[in-house]
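So this one's target_17.txt, compact mmCIF, C-alpha atoms:
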# COMPACT_ATOMS: atom_id res chain seq x y z
CA MET A 289 134.81 119.35 119.34
CA PHE A 290 131.74 119.59 117.08
CA LEU A 291 129.62 121.24 119.77
CA ASP A 292 132.43 123.76 120.42
CA ILE A 293 132.23 124.89 116.78
CA CYS A 294 128.42 125.11 116.94
CA GLU A 295 128.44 127.01 120.21
CA ALA A 296 130.77 129.60 118.72
CA ARG A 297 128.32 130.30 115.89
CA MET A 298 124.89 130.01 117.48
CA GLU A 299 123.09 129.87 120.79
CA GLU A 300 121.70 126.60 122.12
CA ILE A 301 117.91 126.72 122.18
CA TRP A 302 115.78 124.18 124.05
CA LYS A 303 112.24 123.12 123.13
CA ASP A 304 109.85 120.61 124.67
CA VAL A 305 109.72 117.14 123.16
CA ALA A 306 106.23 116.54 121.74
CA ARG A 307 104.09 114.35 124.05
CA TYR A 308 106.70 114.85 126.82
CA GLU A 309 106.14 118.56 127.53
CA GLY A 310 107.66 119.64 130.84
CA VAL A 311 109.54 116.35 131.17
CA TYR A 312 112.04 116.28 128.27
CA GLU A 313 113.56 118.95 126.05
CA VAL A 314 115.67 118.81 122.90
CA SER A 315 118.15 121.43 121.73
CA ASN A 316 119.00 122.75 118.29
CA PHE A 317 122.47 121.19 118.86
CA GLY A 318 120.95 117.72 119.03
CA ARG A 319 121.10 117.20 122.78
CA VAL A 320 118.21 115.86 124.86
CA ARG A 321 117.69 116.60 128.53
CA SER A 322 115.42 115.46 131.28
CA LYS A 323 113.87 118.33 133.24
CA GLN A 324 114.00 118.43 137.04
CA ARG A 325 110.84 116.85 138.39
CA ILE A 326 109.26 115.09 141.30
CA PHE A 327 107.70 111.70 140.70
CA VAL A 328 106.24 108.80 142.63
CA GLN A 329 107.91 105.41 142.27
CA ARG A 330 105.83 102.25 141.98
CA ASN A 331 106.52 101.48 145.64
CA GLY A 332 105.01 104.86 146.61
CA ILE A 333 108.28 106.64 147.45
CA ILE A 334 108.45 110.24 146.24
CA LYS A 335 111.68 111.09 144.41
CA CYS A 336 113.21 114.20 142.92
CA ARG A 337 115.09 113.80 139.65
CA LYS A 338 117.63 116.50 138.77
CA GLU A 339 117.90 118.04 135.33
CA ARG A 340 120.44 116.18 133.21
CA ILE A 341 121.56 115.61 129.63
CA LEU A 342 120.52 112.14 128.48
CA LYS A 343 123.10 109.66 127.30
CA THR A 344 122.63 108.39 123.78
CA LYS A 345 123.03 104.84 122.56
CA ILE A 346 123.81 103.99 118.96
CA ARG A 347 121.28 101.68 117.37
CA ASP A 348 121.28 100.97 113.63
CA PHE A 349 123.97 103.67 113.25
CA TYR A 350 121.78 106.42 114.79
CA PRO A 351 121.96 107.95 118.28
CA GLU A 352 118.81 107.34 120.28
CA VAL A 353 117.58 108.15 123.78
CA SER A 354 115.11 106.45 126.09
CA LEU A 355 112.19 108.62 127.20
CA CYS A 356 110.06 107.48 130.12
CA ILE A 357 106.76 108.72 131.46
CA ASP A 358 104.27 106.81 133.62
CA TYR A 359 106.63 103.79 133.63
CA ALA A 360 106.44 103.44 129.85
CA VAL A 361 109.80 103.66 128.05
CA GLU A 362 110.00 104.82 124.46
CA LYS A 363 113.25 104.82 122.46
CA ARG A 364 113.49 107.73 120.02
CA ARG A 365 116.15 108.73 117.52
CA VAL A 366 117.68 112.09 118.33
CA HIS A 367 117.41 113.43 114.76
CA ASP A 368 113.66 112.77 114.80
CA LEU A 369 113.26 114.75 118.03
CA VAL A 370 115.33 117.69 116.74
CA ALA A 371 113.50 117.85 113.41
CA GLU A 372 110.07 117.59 115.02
CA ALA A 373 110.83 120.37 117.52
CA PHE A 374 112.65 122.81 115.22
CA ILE A 375 111.48 122.06 111.65
CA GLY A 376 107.95 120.91 112.45
CA PRO A 377 105.97 117.68 112.26
CA ARG A 378 107.27 115.19 109.69
CA PRO A 379 105.05 115.15 106.61
CA GLU A 380 103.73 111.71 105.73
CA GLY A 381 106.07 109.79 103.43
CA LEU A 382 109.13 111.92 104.21
CA PHE A 383 112.24 111.06 106.20
CA VAL A 384 114.67 113.07 108.31
CA CYS A 385 117.87 113.40 106.25
CA HIS A 386 121.36 114.47 107.31
CA ASN A 387 122.80 117.03 104.88
CA ASP A 388 126.42 116.05 105.57
CA GLY A 389 125.83 112.29 105.72
CA SER A 390 126.99 112.05 109.34
CA MET A 391 124.30 110.21 111.28
CA ASP A 392 125.51 111.54 114.62
CA ASN A 393 125.51 115.21 113.55
CA ASN A 394 122.01 116.14 114.72
CA ILE A 395 122.34 119.91 114.77
CA VAL A 396 119.15 121.40 113.31
CA THR A 397 120.95 123.11 110.39
CA ASN A 398 122.15 119.66 109.24
CA LEU A 399 118.66 118.15 109.09
CA ARG A 400 115.84 118.32 106.55
CA TYR A 401 112.78 116.35 105.47
CA ASP A 402 113.08 114.55 102.14
CA THR A 403 111.80 111.51 100.28
CA GLN A 404 113.36 108.04 100.40
CA VAL A 405 114.81 108.70 96.93
CA GLY A 406 116.45 111.92 98.16
CA ASN A 407 117.79 110.13 101.23
CA MET A 408 119.30 107.34 99.10
CA ALA A 409 120.84 109.93 96.76
CA ASP A 410 122.48 111.46 99.84
CA THR A 411 124.00 108.12 100.86
CA ARG A 412 125.52 107.68 97.41
CA ARG A 413 126.85 111.26 97.38
CA HIS A 414 128.37 110.90 100.86
CA GLY A 415 129.78 107.41 100.21
CA THR A 416 127.69 105.84 102.98
CA TYR A 417 125.48 103.72 100.70
CA ARG A 418 125.54 100.12 101.96
CA CYS A 419 125.52 97.42 99.37
CA GLY A 420 127.25 94.08 98.93
CA GLU A 421 129.52 93.17 101.81
CA LYS A 422 128.90 96.57 103.46
CA ILE A 423 125.46 95.28 104.47
CA ASN A 424 125.37 93.94 108.01
CA PHE A 425 125.51 90.15 108.20
CA ALA A 426 126.25 89.72 104.48
CA ARG A 427 127.15 86.08 103.83
CA LEU A 428 128.88 86.75 100.53
CA VAL A 429 131.62 89.02 99.27
CA ALA A 430 132.02 90.35 95.72
CA ASP A 431 134.40 87.52 94.75
CA ASP A 432 131.77 84.95 95.80
CA VAL A 433 129.12 86.60 93.63
CA ILE A 434 131.46 86.67 90.63
CA ALA A 435 132.25 82.98 91.21
CA ILE A 436 128.51 82.17 91.44
CA ARG A 437 127.88 83.93 88.14
CA ARG A 438 130.76 81.99 86.53
CA LEU A 439 129.37 78.67 87.78
CA LYS A 440 125.86 79.21 86.38
CA ASP A 441 126.48 77.07 83.26
CA SER A 442 128.45 74.27 84.92
CA LYS A 443 126.50 73.63 88.16
CA SER A 444 122.87 73.56 89.22
CA ARG A 445 121.52 76.36 91.39
CA LYS A 446 121.04 73.87 94.22
CA ASP A 447 124.72 72.80 94.07
CA ILE A 448 125.85 76.43 94.00
CA ALA A 449 123.63 77.21 97.00
CA VAL A 450 125.10 74.32 98.99
CA GLN A 451 128.66 75.31 98.05
CA PHE A 452 128.22 78.90 99.24
CA GLY A 453 125.85 78.22 102.15
CA ILE A 454 122.98 80.31 100.78
CA HIS A 455 119.40 79.62 99.68
CA VAL A 456 118.61 78.52 96.12
CA THR A 457 116.37 81.59 95.72
CA THR A 458 119.34 83.81 96.55
CA VAL A 459 121.38 82.12 93.82
CA GLY A 460 118.59 82.84 91.33
CA ASP A 461 118.38 86.47 92.44
CA ILE A 462 122.15 86.87 92.00
CA LEU A 463 122.09 85.31 88.52
CA ARG A 464 119.18 87.53 87.41
CA GLY A 465 120.81 90.65 88.83
CA ASN A 466 118.13 91.25 91.47
CA ARG A 467 120.84 91.11 94.15
CA TRP A 468 124.33 92.54 93.98
CA LYS A 469 123.18 94.92 91.25
CA HIS A 470 126.33 96.99 91.57
CA LEU A 471 128.39 94.11 90.10
CA PRO A 472 128.31 93.31 86.38
CA LEU A 473 126.02 90.42 85.42
CA GLU A 474 128.61 88.93 83.08
CA PRO A 475 131.79 88.01 84.97
CA LEU A 476 135.01 89.41 83.58
Representation of the structure as structure tokens:
Amino acid sequence: MFLDICEARMEEIWKDVARYEGVYEVSNFGRVRSKQRIFVQRNGIIKCRKERILKTKIRDFYPEVSLCIDYAVEKRRVHDLVAEAFIGPRPEGLFVCHNDGSMDNNIVTNLRYDTQVGNMADTRRHGTYRCGEKINFARLVADDVIAIRRLKDSKSRKDIAVQFGIHVTTVGDILRGNRWKHLPLEPL
């Protein structure tokens, strides 16, 4: 659906992937393809690989592809490939940011280079900022943190840690407001 809308507005343009010239190309629509080529397998057999669009896998919320040359496989995020080919090399200290907050929308017009601060501002604006129980593998929920903050005067940090199955240092960080900053320090 998304590519149909893009195709109606602009033409798909392909450019070589840096360090993989003649082997892989990336398009301004965020697709990556392997070029037709002849190669020699490790056992000495000569093979011909047809041109094809690479399948993406989602890792850490971002689509990535596996690029292979001389038997070495490198996994690359699609948005990095698109930005590098169509915007230019990434300046040191900057990140590839998605203007609409959708991590799988890798069309070149949706990408830009920005600082970590700008990227985090985007996540807040788009509602994709992960904090609290939205963080992968979070052991606590907001109600647990509020309960921990209520128990600070009646139990030791060690007892609280045992009760909630967390480390004593984590309890201290919660009580000082170094963790779960989005919740009020004083329980209601």
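With distances restricted to only C-alpha atoms, A:Val328 is the closest residue to Tyr359 (chain A) from A:Leu399, A:Ile341, A:Val433, A:Val328.
Atom pair CA of Asp388 (chain A) / CA of Leu355 (chain A) has a distance of 26.9 Å (rounded to one decimal).
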Distance query region 461-465 of chain A at most 12 Å, only C-alpha atoms, self and fewer than 3 positions along chain excluded, as a PyMOL selection string:
chain A and resi 420+428+430+432-441+444-445+448-449+454-458+468-475
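Using all atoms listed in the file for every distance, the candidate list A:Arg347, A:Arg467, A:Lys303, A:Arg418 yields A:Arg347 as the residue closest to Asp392 (chain A).
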Best match for closeness to Ile346 (chain A) among A:Glu380, A:Glu372, A:Asp410, A:Met391, counting all atoms listed in the file:
A:Met391
